[in-house]
file my_file-v3.txt (compact mmCIF, C-alpha atoms and all ligand atoms)
# COMPACT_ATOMS: atom_id res chain seq x y z
CA MET U 482 -16.90 -2.29 -42.13
CA ALA U 483 -13.23 -1.43 -41.87
CA ARG U 484 -11.53 -2.98 -38.85
CA ARG U 485 -9.87 -0.46 -36.57
CA LEU U 486 -6.18 -1.12 -36.39
CA ALA U 487 -4.46 -1.12 -33.01
CA PRO U 488 -2.24 1.97 -32.73
CA GLN U 489 1.24 1.09 -33.91
CA GLN U 490 3.92 1.43 -31.28
CA PRO U 491 6.78 3.47 -32.70
CA SER U 492 10.12 1.68 -32.83
CA ILE U 493 11.87 2.35 -29.53
CA ARG U 494 15.24 2.18 -31.27
CA HIS U 495 14.10 4.89 -33.61
CA LEU U 496 12.70 6.96 -30.76
CA LEU U 497 15.89 6.84 -28.67
CA ALA U 498 18.62 6.91 -31.31
CA VAL U 499 21.08 9.79 -31.40
CA ASN U 500 20.82 11.34 -34.85
CA ASP U 501 22.16 14.43 -36.59
CA GLY U 502 21.37 17.59 -34.63
CA PHE U 503 21.00 15.71 -31.33
CA VAL U 504 21.38 17.93 -28.25
CA LEU U 505 21.58 16.14 -24.91
CA SER U 506 20.35 19.13 -22.88
CA GLU U 507 17.11 19.08 -24.86
CA ILE U 508 16.22 15.65 -23.47
CA ASP U 509 13.95 15.64 -20.42
CA PRO U 510 15.10 12.80 -18.10
CA ARG U 511 11.66 12.59 -16.42
CA ARG U 512 9.70 12.31 -19.62
CA VAL U 513 7.69 9.19 -20.42
CA LEU U 514 8.35 8.80 -24.13
CA ALA U 515 6.16 5.84 -25.00
CA GLY U 516 4.32 2.90 -23.51
CA PRO U 517 2.63 2.63 -20.11
CA LYS U 518 2.26 5.68 -17.93
CA ASP U 519 2.69 3.92 -14.61
CA LYS U 520 4.98 1.47 -12.87
CA ASP U 521 2.60 -1.50 -12.55
CA ALA U 522 1.60 -1.45 -16.20
CA ALA U 523 5.26 -1.14 -17.22
CA ARG U 524 6.23 -4.15 -15.08
CA THR U 525 3.36 -6.18 -16.58
CA GLU U 526 4.45 -5.36 -20.12
CA ILE U 527 8.08 -6.21 -19.38
CA ALA U 528 6.98 -9.59 -17.99
CA ALA U 529 4.98 -10.22 -21.17
CA LEU U 530 7.99 -9.38 -23.33
CA ALA U 531 10.39 -11.63 -21.38
CA PRO U 532 9.50 -14.96 -23.07
CA LYS U 533 9.86 -13.37 -26.52
CA VAL U 534 13.32 -12.06 -25.63
CA ALA U 535 14.27 -15.46 -24.20
CA ALA U 536 13.13 -17.26 -27.36
CA LEU U 537 15.19 -14.93 -29.56
CA GLN U 538 18.22 -15.43 -27.34
CA GLU U 539 17.83 -19.20 -27.61
CA MET U 540 17.66 -19.00 -31.41
CA LEU U 541 20.78 -16.84 -31.49
CA TRP U 542 22.54 -19.47 -29.37
CA ALA U 543 21.23 -22.33 -31.51
CA GLU U 544 22.53 -20.61 -34.66
CA ALA U 545 25.97 -20.19 -33.11
CA LYS U 546 26.11 -23.93 -32.47
CA ARG U 547 26.07 -24.26 -36.26
CA GLY U 548 28.81 -21.72 -36.79
CA ALA U 549 26.98 -18.38 -36.86
CA THR U 550 29.02 -15.56 -35.34
CA ARG U 551 26.32 -13.13 -34.32
CA ARG U 552 26.41 -11.77 -30.77
CA VAL U 553 25.35 -8.68 -28.84
CA VAL U 554 27.21 -6.12 -26.73
CA VAL U 555 25.13 -3.92 -24.44
CA VAL U 556 27.13 -0.84 -23.42
CA LEU U 557 25.81 0.99 -20.34
CA GLN U 558 27.01 4.49 -19.63
CA GLY U 559 25.71 7.18 -17.30
CA THR U 560 26.73 9.27 -14.31
CA ASP U 561 26.90 7.81 -10.79
CA THR U 562 23.45 6.65 -9.60
CA SER U 563 22.09 6.74 -13.16
CA GLY U 564 20.95 3.14 -12.75
CA LYS U 565 23.58 1.05 -14.52
CA GLY U 566 23.17 -1.60 -11.81
CA GLY U 567 19.38 -1.58 -12.17
CA ALA U 568 19.67 -1.77 -15.94
CA THR U 569 22.02 -4.74 -15.62
CA ARG U 570 19.53 -6.52 -13.33
CA LEU U 571 16.80 -5.91 -15.91
CA VAL U 572 18.87 -7.47 -18.72
CA ASP U 573 19.72 -10.30 -16.32
CA SER U 574 16.03 -10.93 -15.67
CA LEU U 575 15.30 -11.21 -19.39
CA LEU U 576 18.14 -13.45 -20.52
CA ASP U 577 19.35 -16.95 -19.78
CA PRO U 578 22.49 -16.53 -17.65
CA ALA U 579 24.22 -19.26 -19.67
CA GLY U 580 24.36 -16.89 -22.63
CA LEU U 581 25.08 -13.69 -20.74
CA ALA U 582 28.26 -12.19 -19.31
CA VAL U 583 28.29 -8.93 -17.33
CA THR U 584 31.51 -7.01 -16.80
CA GLY U 585 31.91 -3.84 -14.75
CA PHE U 586 34.81 -1.68 -15.89
CA GLY U 587 36.44 0.49 -13.23
CA LYS U 588 39.75 2.29 -13.27
CA PRO U 589 42.24 0.49 -15.47
CA THR U 590 45.00 -1.40 -13.66
CA PRO U 591 48.65 -0.38 -14.26
CA GLU U 592 48.92 -3.44 -16.55
CA GLU U 593 45.87 -2.34 -18.56
CA LEU U 594 47.19 1.21 -18.77
CA ARG U 595 50.28 -0.06 -20.54
CA ARG U 596 48.11 -1.43 -23.35
CA HIS U 597 45.88 0.14 -25.96
CA PHE U 598 42.74 1.59 -24.31
CA LEU U 599 40.49 -0.86 -26.17
CA TRP U 600 42.47 -3.93 -25.12
CA ARG U 601 40.59 -4.78 -21.92
CA PHE U 602 37.25 -4.59 -23.75
CA GLU U 603 38.48 -6.82 -26.53
CA GLN U 604 39.09 -9.49 -23.86
CA ARG U 605 35.46 -9.35 -22.77
CA LEU U 606 33.70 -9.53 -26.12
CA PRO U 607 30.88 -12.08 -26.17
CA ARG U 608 31.29 -15.49 -27.73
CA PRO U 609 29.08 -16.13 -30.79
CA GLY U 610 25.43 -16.56 -29.82
CA THR U 611 25.79 -14.76 -26.48
CA VAL U 612 25.24 -11.32 -24.98
CA ALA U 613 27.78 -9.24 -23.06
CA VAL U 614 26.87 -6.30 -20.85
CA PHE U 615 29.56 -3.68 -20.31
CA ASP U 616 28.78 -1.71 -17.13
CA ARG U 617 30.87 1.33 -18.13
CA SER U 618 33.10 0.92 -21.13
CA TYR U 619 35.78 2.35 -23.43
CA TYR U 620 33.62 5.48 -23.55
CA GLU U 621 35.09 6.32 -20.12
CA ASP U 622 38.27 6.96 -22.11
CA VAL U 623 36.61 10.02 -23.65
CA LEU U 624 34.49 10.89 -20.57
CA VAL U 625 36.12 10.64 -17.12
CA VAL U 626 39.54 10.69 -18.77
CA ARG U 627 38.74 13.87 -20.69
CA VAL U 628 36.91 15.66 -17.85
CA ASN U 629 39.66 14.92 -15.32
CA ARG U 630 42.45 15.53 -17.83
CA LEU U 631 43.98 12.12 -17.17
CA VAL U 632 45.60 12.28 -20.60
CA SER U 633 46.26 15.18 -22.95
CA GLU U 634 43.72 16.33 -25.55
CA ARG U 635 46.10 15.06 -28.23
CA THR U 636 45.58 11.59 -26.80
CA TRP U 637 41.82 11.54 -26.18
CA LYS U 638 40.68 13.39 -29.31
CA PRO U 639 41.60 10.70 -31.85
CA ARG U 640 39.83 8.11 -29.71
CA TYR U 641 36.37 8.89 -31.14
CA GLN U 642 37.53 7.76 -34.57
CA ARG U 643 39.37 4.76 -33.11
CA ILE U 644 36.17 3.71 -31.35
CA ASN U 645 34.10 4.12 -34.52
CA ASP U 646 36.59 2.07 -36.54
CA TRP U 647 36.77 -0.66 -33.88
CA GLU U 648 33.00 -0.91 -33.52
CA ALA U 649 32.52 -0.98 -37.31
CA ALA U 650 35.03 -3.82 -37.65
CA LEU U 651 33.23 -5.78 -34.92
CA VAL U 652 29.85 -5.18 -36.56
CA ASP U 653 31.34 -6.72 -39.73
CA GLU U 654 32.30 -9.73 -37.62
CA GLY U 655 28.74 -10.22 -36.36
CA VAL U 656 28.54 -8.00 -33.27
CA SER U 657 25.40 -5.92 -32.66
CA PHE U 658 25.82 -3.01 -30.28
CA VAL U 659 23.16 -1.65 -27.96
CA LYS U 660 24.85 1.48 -26.62
CA VAL U 661 22.75 3.04 -23.91
CA MET U 662 23.28 6.28 -22.06
CA LEU U 663 21.13 6.38 -18.93
CA TYR U 664 20.26 10.04 -18.57
CA ILE U 665 19.24 11.37 -15.16
CA SER U 666 18.81 14.96 -14.01
CA ALA U 667 21.12 16.63 -11.49
CA ASP U 668 18.16 16.89 -9.07
CA GLU U 669 17.44 13.17 -9.35
CA GLN U 670 21.11 12.39 -8.70
CA ARG U 671 21.04 14.50 -5.53
CA GLU U 672 17.95 12.61 -4.31
CA ARG U 673 19.56 9.25 -5.06
CA LEU U 674 22.82 10.18 -3.32
CA LEU U 675 20.87 11.44 -0.26
CA ALA U 676 18.84 8.22 -0.25
CA ARG U 677 22.06 6.21 -0.19
CA LEU U 678 23.37 8.21 2.75
CA ALA U 679 20.10 7.86 4.68
CA ASP U 680 19.90 4.08 4.34
CA PRO U 681 22.45 1.96 6.26
CA THR U 682 21.95 -0.83 3.71
CA LYS U 683 22.91 1.51 0.89
CA GLN U 684 25.68 3.56 2.50
CA TRP U 685 28.28 1.13 1.11
CA LYS U 686 27.33 2.31 -2.37
CA TYR U 687 28.16 5.90 -1.53
CA ASN U 688 31.57 7.16 -2.46
CA PRO U 689 32.62 10.66 -1.25
CA GLY U 690 34.28 11.10 -4.65
CA ASP U 691 30.84 11.01 -6.29
CA VAL U 692 30.17 14.55 -5.03
CA ASP U 693 33.41 15.79 -6.61
CA GLU U 694 32.38 14.27 -9.95
CA ARG U 695 28.89 15.76 -9.51
CA ALA U 696 30.47 19.21 -9.27
CA LYS U 697 31.74 18.69 -12.83
CA TRP U 698 28.22 18.12 -14.19
CA SER U 699 28.52 20.57 -17.08
CA ALA U 700 31.94 19.27 -18.14
CA TYR U 701 30.49 15.74 -18.20
CA ALA U 702 27.47 16.97 -20.15
CA GLU U 703 29.82 18.44 -22.76
CA ALA U 704 31.89 15.26 -22.93
CA TYR U 705 28.74 13.12 -23.27
CA GLN U 706 27.39 15.38 -25.99
CA ASP U 707 30.60 14.83 -27.99
CA ALA U 708 30.79 11.08 -27.35
CA LEU U 709 27.13 10.57 -28.26
CA THR U 710 27.21 12.61 -31.43
CA ARG U 711 30.67 11.60 -32.69
CA CYS U 712 30.18 7.91 -32.00
CA SER U 713 26.55 7.37 -32.96
CA THR U 714 27.01 5.67 -36.32
CA PRO U 715 24.54 3.76 -38.48
CA ALA U 716 26.48 0.59 -37.64
CA ALA U 717 26.46 1.25 -33.89
CA PRO U 718 24.03 3.98 -32.86
CA TRP U 719 23.76 5.46 -29.37
CA TYR U 720 20.45 5.41 -27.54
CA VAL U 721 19.67 7.95 -24.81
CA VAL U 722 17.24 6.60 -22.22
CA PRO U 723 15.49 9.12 -19.95
CA ALA U 724 16.19 7.44 -16.61
CA ASP U 725 14.72 9.51 -13.78
CA ARG U 726 11.82 7.06 -13.61
CA LYS U 727 13.27 3.59 -13.09
CA TRP U 728 10.22 1.70 -14.35
CA HIS U 729 10.22 3.69 -17.60
CA ARG U 730 13.97 3.14 -17.99
CA ASP U 731 13.42 -0.60 -17.64
CA TRP U 732 10.51 -0.62 -20.07
CA LEU U 733 12.59 1.21 -22.70
CA LEU U 734 15.58 -1.07 -22.16
CA ALA U 735 13.48 -4.22 -22.46
CA HIS U 736 12.11 -2.96 -25.77
CA LEU U 737 15.55 -1.91 -27.03
CA LEU U 738 16.86 -5.40 -26.33
CA HIS U 739 13.83 -7.09 -27.84
CA GLU U 740 13.94 -4.95 -30.99
CA THR U 741 17.67 -5.52 -31.41
CA LEU U 742 17.33 -9.29 -31.14
CA ALA U 743 14.22 -9.34 -33.32
CA ALA U 744 15.99 -7.32 -36.03
CA LEU U 745 18.65 -10.04 -36.19
CA ALA U 746 15.81 -12.44 -37.01
CA PRO U 747 17.59 -15.49 -35.64
CA ALA U 748 16.05 -18.83 -36.53
CA TYR U 749 16.44 -22.36 -35.27
CA PRO U 750 18.81 -24.12 -37.66
CA ALA U 751 17.43 -27.06 -39.58
CA PRO U 752 18.69 -30.37 -38.16
CA ASP U 753 21.65 -31.84 -40.03
CA TYR U 754 20.21 -35.35 -39.59
CA ASP U 755 17.12 -37.14 -40.87
CA VAL U 756 14.41 -36.47 -38.26
CA ALA U 757 12.15 -39.36 -39.33
CA HIS U 758 15.03 -41.80 -39.33
CA GLU U 759 16.25 -40.64 -35.90
CA THR U 760 12.70 -40.75 -34.49
CA ALA U 761 12.36 -44.34 -35.64
CA ARG U 762 15.72 -45.25 -34.12
CA VAL U 763 14.86 -43.65 -30.76
CA ALA U 764 11.40 -45.27 -30.71
CA ALA U 765 12.96 -48.67 -31.39
CA SER U 766 15.63 -48.27 -28.77
P1 LIG K 1 29.88 2.65 -10.28
O1 LIG K 1 29.94 4.10 -9.94
O2 LIG K 1 29.93 2.37 -11.76
O3 LIG K 1 28.78 1.91 -9.58
P2 LIG K 1 31.98 2.05 -8.40
O4 LIG K 1 31.85 3.39 -7.79
O5 LIG K 1 31.61 0.84 -7.59
O6 LIG K 1 31.20 1.98 -9.81
P3 LIG K 1 34.13 0.89 -9.90
O7 LIG K 1 33.15 0.10 -10.67
O8 LIG K 1 35.23 0.17 -9.22
O9 LIG K 1 33.46 1.89 -8.86
O10 LIG K 1 34.79 1.92 -10.89
C1 LIG K 1 34.08 2.90 -11.52
C2 LIG K 1 34.97 4.10 -11.63
O11 LIG K 1 36.02 3.82 -12.55
C3 LIG K 1 34.22 5.29 -12.13
O12 LIG K 1 34.48 6.40 -11.32
C4 LIG K 1 34.80 5.48 -13.53
O13 LIG K 1 34.78 6.82 -13.93
C5 LIG K 1 36.20 4.95 -13.36
N1 LIG K 1 36.80 4.60 -14.64
C6 LIG K 1 36.32 3.76 -15.59
N2 LIG K 1 37.11 3.74 -16.68
C7 LIG K 1 38.13 4.59 -16.40
C8 LIG K 1 39.27 5.00 -17.14
N3 LIG K 1 39.54 4.53 -18.36
N4 LIG K 1 40.11 5.86 -16.54
C9 LIG K 1 39.85 6.32 -15.30
N5 LIG K 1 38.78 5.99 -14.56
C10 LIG K 1 37.93 5.13 -15.10
call {"tool": "encode", "arguments": {"input": "my_file-v3.txt", "output": "structure tokens"}}
result
Amino acid sequence: MARRLAPQQPSIRHLLAVNDGFVLSEIDPRRVLAGPKDKDAARTEIAALAPKVAALQEMLWAEAKRGATRRVVVVLQGTDTSGKGGATRLVDSLLDPAGLAVTGFGKPTPEELRRHFLWRFEQRLPRPGTVAVFDRSYYEDVLVVRVNRLVSERTWKPRYQRINDWEAALVDEGVSFVKVMLYISADEQRERLLARLADPTKQWKYNPGDVDERAKWSAYAEAYQDALTRCSTPAAPWYVVPADRKWHRDWLLAHLLHETLAALAPAYPAPDYDVAHETARVAAS
């Protein structure tokens, strides 16, 4: 009798990737796209995935010790309260901190503004074998900068191509990008901002300027649509994660990270010494 095969889980990378014809407004931020339908089951599955992610990270690190250059950059973008902090904590919980560096990018300093807009990100690229998380990124240079007209259109428009060229060159040097846009609805953002204001332990996270940015929702949506579609390349695709439900966001992110590392197929390097000989020496010592 034919054995019934377990239903195949579709590739999460495939499910979330921004492809030709992508329209951001057609994405439902509350939708559960795949996997468990509730929080507890999602948490259980993430915990089961964690050792697999850790093993892949260790192999990536071990390879780098022998000169491999592969490394991973996780780019997190999204409006205020979209969960970039929560997403960072998730990545943190899955990876060994020794091979992970998280950088939050706020407004550029006057010194940074004097340099090329990609300069400060170049400084924070991961070392071979490690993972870097960018909490906001050079995409702000075609998002907040464009929406608030901080530079002229003549300056921001060529940046899409610059970004694509820069990312492609880094991919050639061994960098894998996981570019994630955390997509929440305007209603969910209102709830999250109100929750911050109602909780004395969260009021410090509230910034009155967030409401001014919120008023520009449609301008941001337009800028995101352009950034996502112009800069989703085969070498460095964008992934849009529906993020109204935090547990589903985390489940998707854990799978994105796992799939990305698994696709690199890192392997422990063979020892460059004679194992039997060394075993005998240690035993005799
Ligand atoms: P977050 O909202 O990400 O939690 P925050 O409110 O604590 O962060 P910071 O992390 O200090 O503030 O800075 C984030 C702010 O910096 C955001 O408002 C973002 O739009 C802004 N920013 C980032 N890059 C640029 C840029 N290139 N030009 C202008 N503003 C930028």
call {"tool": "atom_distance", "arguments": {"input": "my_file-v3.txt", "atom1": "atom CA of U:Arg524", "atom2": "atom CA of U:Leu675"}}
result
26.0 Å
call {"tool": "residues_near_ligand", "arguments": {"input": "my_file-v3.txt", "ligand": "ligand LIG 1 (chain K)", "cutoff": "6 Å", "atoms": "only C-alpha atoms and all ligand atoms", "output": "ChimeraX atom specification"}}
result
/U:561,585-589,621-622,625-626
call {"tool": "atom_distance", "arguments": {"input": "my_file-v3.txt", "atom1": "atom CA of U:Glu740", "atom2": "atom CA of U:Gln642"}}
result
27.0 Å
call {"tool": "atom_distance", "arguments": {"input": "my_file-v3.txt", "atom1": "atom CA of U:Gly548", "atom2": "atom CA of U:Pro609"}}
result
8.2 Å
call {"tool": "closest_residue", "arguments": {"input": "my_file-v3.txt", "among": "U:Lys533, U:Arg596, U:Arg617, U:Arg570", "to": "U:Leu557", "atoms": "only C-alpha atoms"}}
result
U:Arg617
call {"tool": "closest_residue", "arguments": {"input": "my_file-v3.txt", "among": "U:Leu537, U:Val555, U:Val652, U:Val763", "to": "U:Leu734", "atoms": "all atoms listed in the file"}}
result
U:Val555
call {"tool": "residues_around", "arguments": {"input": "my_file-v3.txt", "residues": "stretch 748-751 of chain U", "least_positions_apart": "3", "cutoff": "9 Å", "atoms": "all atoms listed in the file", "output": "list of chain:residue names"}}
result
U:Leu537, U:Glu539, U:Met540, U:Leu541, U:Trp542, U:Ala543, U:Glu544, U:Lys546, U:Arg547, U:Tyr754
call {"tool": "closest_residue", "arguments": {"input": "my_file-v3.txt", "among": "U:Asn500, U:Asp653, U:Pro681, U:Glu593", "to": "U:Trp719", "atoms": "all atoms listed in the file"}}
result
U:Asn500
call {"tool": "residues_around", "arguments": {"input": "my_file-v3.txt", "residues": "U:Asn688", "least_positions_apart": "5", "cutoff": "10 Å", "atoms": "only C-alpha atoms", "output": "JSON, numbers by chain"}}
result
{"U": [561, 674, 677, 678, 693]}
call {"tool": "axis_aligned_box", "arguments": {"input": "my_file-v3.txt", "around": "stretch 610-613 of chain U", "padding_each_side": "6 Å", "output": "lines of an AutoDock Vina configuration file"}}
result
center_x = 26.5
center_y = -12.9
center_z = -26.4
size_x = 14.5
size_y = 19.3
size_z = 18.8
call {"tool": "residues_around", "arguments": {"input": "my_file-v3.txt", "residues": "U:Arg730", "least_positions_apart": "6", "cutoff": "8 Å", "atoms": "only C-alpha atoms", "output": "PyMOL selection string"}}
result
chain U and resi 568+663+722-724
call {"tool": "closest_residue", "arguments": {"input": "my_file-v3.txt", "among": "U:Ile665, U:Leu594, U:Leu581, U:Leu514", "to": "U:Phe615", "atoms": "all atoms listed in the file"}}
result
U:Leu581
call {"tool": "closest_residue", "arguments": {"input": "my_file-v3.txt", "among": "U:Ala757, U:Gly564, U:Lys683, U:Val628", "to": "U:Ala704", "atoms": "all atoms listed in the file"}}
result
U:Val628
call {"tool": "residues_around", "arguments": {"input": "my_file-v3.txt", "residues": "U:Ala735", "least_positions_apart": "4", "cutoff": "10 Å", "atoms": "all atoms listed in the file", "output": "PyMOL selection string"}}
result
chain U and resi 493+526-528+530-531+534+568+571-572+574-575+729-731+739-741
call {"tool": "closest_residue", "arguments": {"input": "my_file-v3.txt", "among": "U:Val614, U:Ala667, U:Ala545, U:Leu737", "to": "U:Pro578", "atoms": "all atoms listed in the file"}}
result
U:Val614
call {"tool": "residues_around", "arguments": {"input": "my_file-v3.txt", "residues": "U:Thr636", "least_positions_apart": "2", "cutoff": "12 Å", "atoms": "only C-alpha atoms", "output": "ChimeraX atom specification"}}
result
/U:597-598,622-623,626-627,630-634,638-643
call {"tool": "build_atoms", "arguments": {"input": "my_file-v3.txt", "residues": "stretch 581-591 of chain U", "atoms": "all heavy atoms", "output": "mmCIF file, in the coordinates of the input"}}
result
data_model
loop_
_atom_site.group_PDB
_atom_site.id
_atom_site.type_symbol
_atom_site.label_atom_id
_atom_site.label_comp_id
_atom_site.auth_asym_id
_atom_site.auth_seq_id
_atom_site.Cartn_x
_atom_site.Cartn_y
_atom_site.Cartn_z
ATOM 1 N N LEU U 581 24.924 -15.102 -21.114
ATOM 2 C CA LEU U 581 25.080 -13.690 -20.740
ATOM 3 C C LEU U 581 26.318 -13.518 -19.867
ATOM 4 O O LEU U 581 26.546 -14.303 -18.951
ATOM 5 C CB LEU U 581 23.838 -13.249 -19.941
ATOM 6 C CG LEU U 581 23.854 -11.849 -19.328
ATOM 7 C CD1 LEU U 581 23.833 -10.776 -20.429
ATOM 8 C CD2 LEU U 581 22.649 -11.658 -18.409
ATOM 9 N N ALA U 582 27.114 -12.490 -20.163
ATOM 10 C CA ALA U 582 28.260 -12.190 -19.310
ATOM 11 C C ALA U 582 28.258 -10.691 -19.013
ATOM 12 O O ALA U 582 28.190 -9.874 -19.930
ATOM 13 C CB ALA U 582 29.555 -12.578 -19.998
ATOM 14 N N VAL U 583 28.301 -10.344 -17.735
ATOM 15 C CA VAL U 583 28.290 -8.930 -17.330
ATOM 16 C C VAL U 583 29.675 -8.573 -16.807
ATOM 17 O O VAL U 583 30.228 -9.286 -15.976
ATOM 18 C CB VAL U 583 27.251 -8.692 -16.202
ATOM 19 C CG1 VAL U 583 27.273 -7.238 -15.761
ATOM 20 C CG2 VAL U 583 25.852 -9.105 -16.651
ATOM 21 N N THR U 584 30.222 -7.478 -17.310
ATOM 22 C CA THR U 584 31.510 -7.010 -16.800
ATOM 23 C C THR U 584 31.411 -5.544 -16.411
ATOM 24 O O THR U 584 30.949 -4.726 -17.209
ATOM 25 C CB THR U 584 32.634 -7.140 -17.860
ATOM 26 O OG1 THR U 584 32.616 -8.452 -18.403
ATOM 27 C CG2 THR U 584 33.994 -6.873 -17.251
ATOM 28 N N GLY U 585 31.824 -5.236 -15.182
ATOM 29 C CA GLY U 585 31.910 -3.840 -14.750
ATOM 30 C C GLY U 585 33.337 -3.369 -14.994
ATOM 31 O O GLY U 585 34.286 -4.076 -14.670
ATOM 32 N N PHE U 586 33.466 -2.198 -15.600
ATOM 33 C CA PHE U 586 34.810 -1.680 -15.890
ATOM 34 C C PHE U 586 35.097 -0.465 -15.012
ATOM 35 O O PHE U 586 34.478 0.582 -15.171
ATOM 36 C CB PHE U 586 34.946 -1.305 -17.367
ATOM 37 C CG PHE U 586 34.955 -2.505 -18.272
ATOM 38 C CD1 PHE U 586 33.802 -2.900 -18.923
ATOM 39 C CD2 PHE U 586 36.115 -3.246 -18.448
ATOM 40 C CE1 PHE U 586 33.798 -4.012 -19.756
ATOM 41 C CE2 PHE U 586 36.129 -4.370 -19.272
ATOM 42 C CZ PHE U 586 34.968 -4.746 -19.931
ATOM 43 N N GLY U 587 36.020 -0.632 -14.077
ATOM 44 C CA GLY U 587 36.440 0.490 -13.230
ATOM 45 C C GLY U 587 37.725 1.084 -13.767
ATOM 46 O O GLY U 587 38.035 0.961 -14.958
ATOM 47 N N LYS U 588 38.470 1.707 -12.861
ATOM 48 C CA LYS U 588 39.750 2.290 -13.270
ATOM 49 C C LYS U 588 40.663 1.214 -13.832
ATOM 50 O O LYS U 588 40.773 0.142 -13.242
ATOM 51 C CB LYS U 588 40.438 2.890 -12.031
ATOM 52 C CG LYS U 588 39.958 4.250 -11.673
ATOM 53 C CD LYS U 588 40.878 4.851 -10.625
ATOM 54 C CE LYS U 588 40.279 6.145 -10.149
ATOM 55 N NZ LYS U 588 40.458 6.432 -8.748
ATOM 56 N N PRO U 589 41.333 1.495 -14.930
ATOM 57 C CA PRO U 589 42.240 0.490 -15.470
ATOM 58 C C PRO U 589 43.391 0.206 -14.511
ATOM 59 O O PRO U 589 43.842 1.109 -13.802
ATOM 60 C CB PRO U 589 42.771 1.124 -16.764
ATOM 61 C CG PRO U 589 42.161 2.479 -16.874
ATOM 62 C CD PRO U 589 41.274 2.725 -15.708
ATOM 63 N N THR U 590 43.845 -1.028 -14.489
ATOM 64 C CA THR U 590 45.000 -1.400 -13.660
ATOM 65 C C THR U 590 46.271 -0.879 -14.353
ATOM 66 O O THR U 590 46.238 -0.566 -15.554
ATOM 67 C CB THR U 590 45.109 -2.934 -13.553
ATOM 68 O OG1 THR U 590 45.315 -3.451 -14.890
ATOM 69 C CG2 THR U 590 43.848 -3.555 -12.969
ATOM 70 N N PRO U 591 47.397 -0.830 -13.618
ATOM 71 C CA PRO U 591 48.650 -0.380 -14.260
ATOM 72 C C PRO U 591 48.960 -1.224 -15.504
ATOM 73 O O PRO U 591 49.413 -0.720 -16.526
ATOM 74 C CB PRO U 591 49.691 -0.568 -13.163
ATOM 75 C CG PRO U 591 48.926 -0.498 -11.879
ATOM 76 C CD PRO U 591 47.559 -1.045 -12.163
#
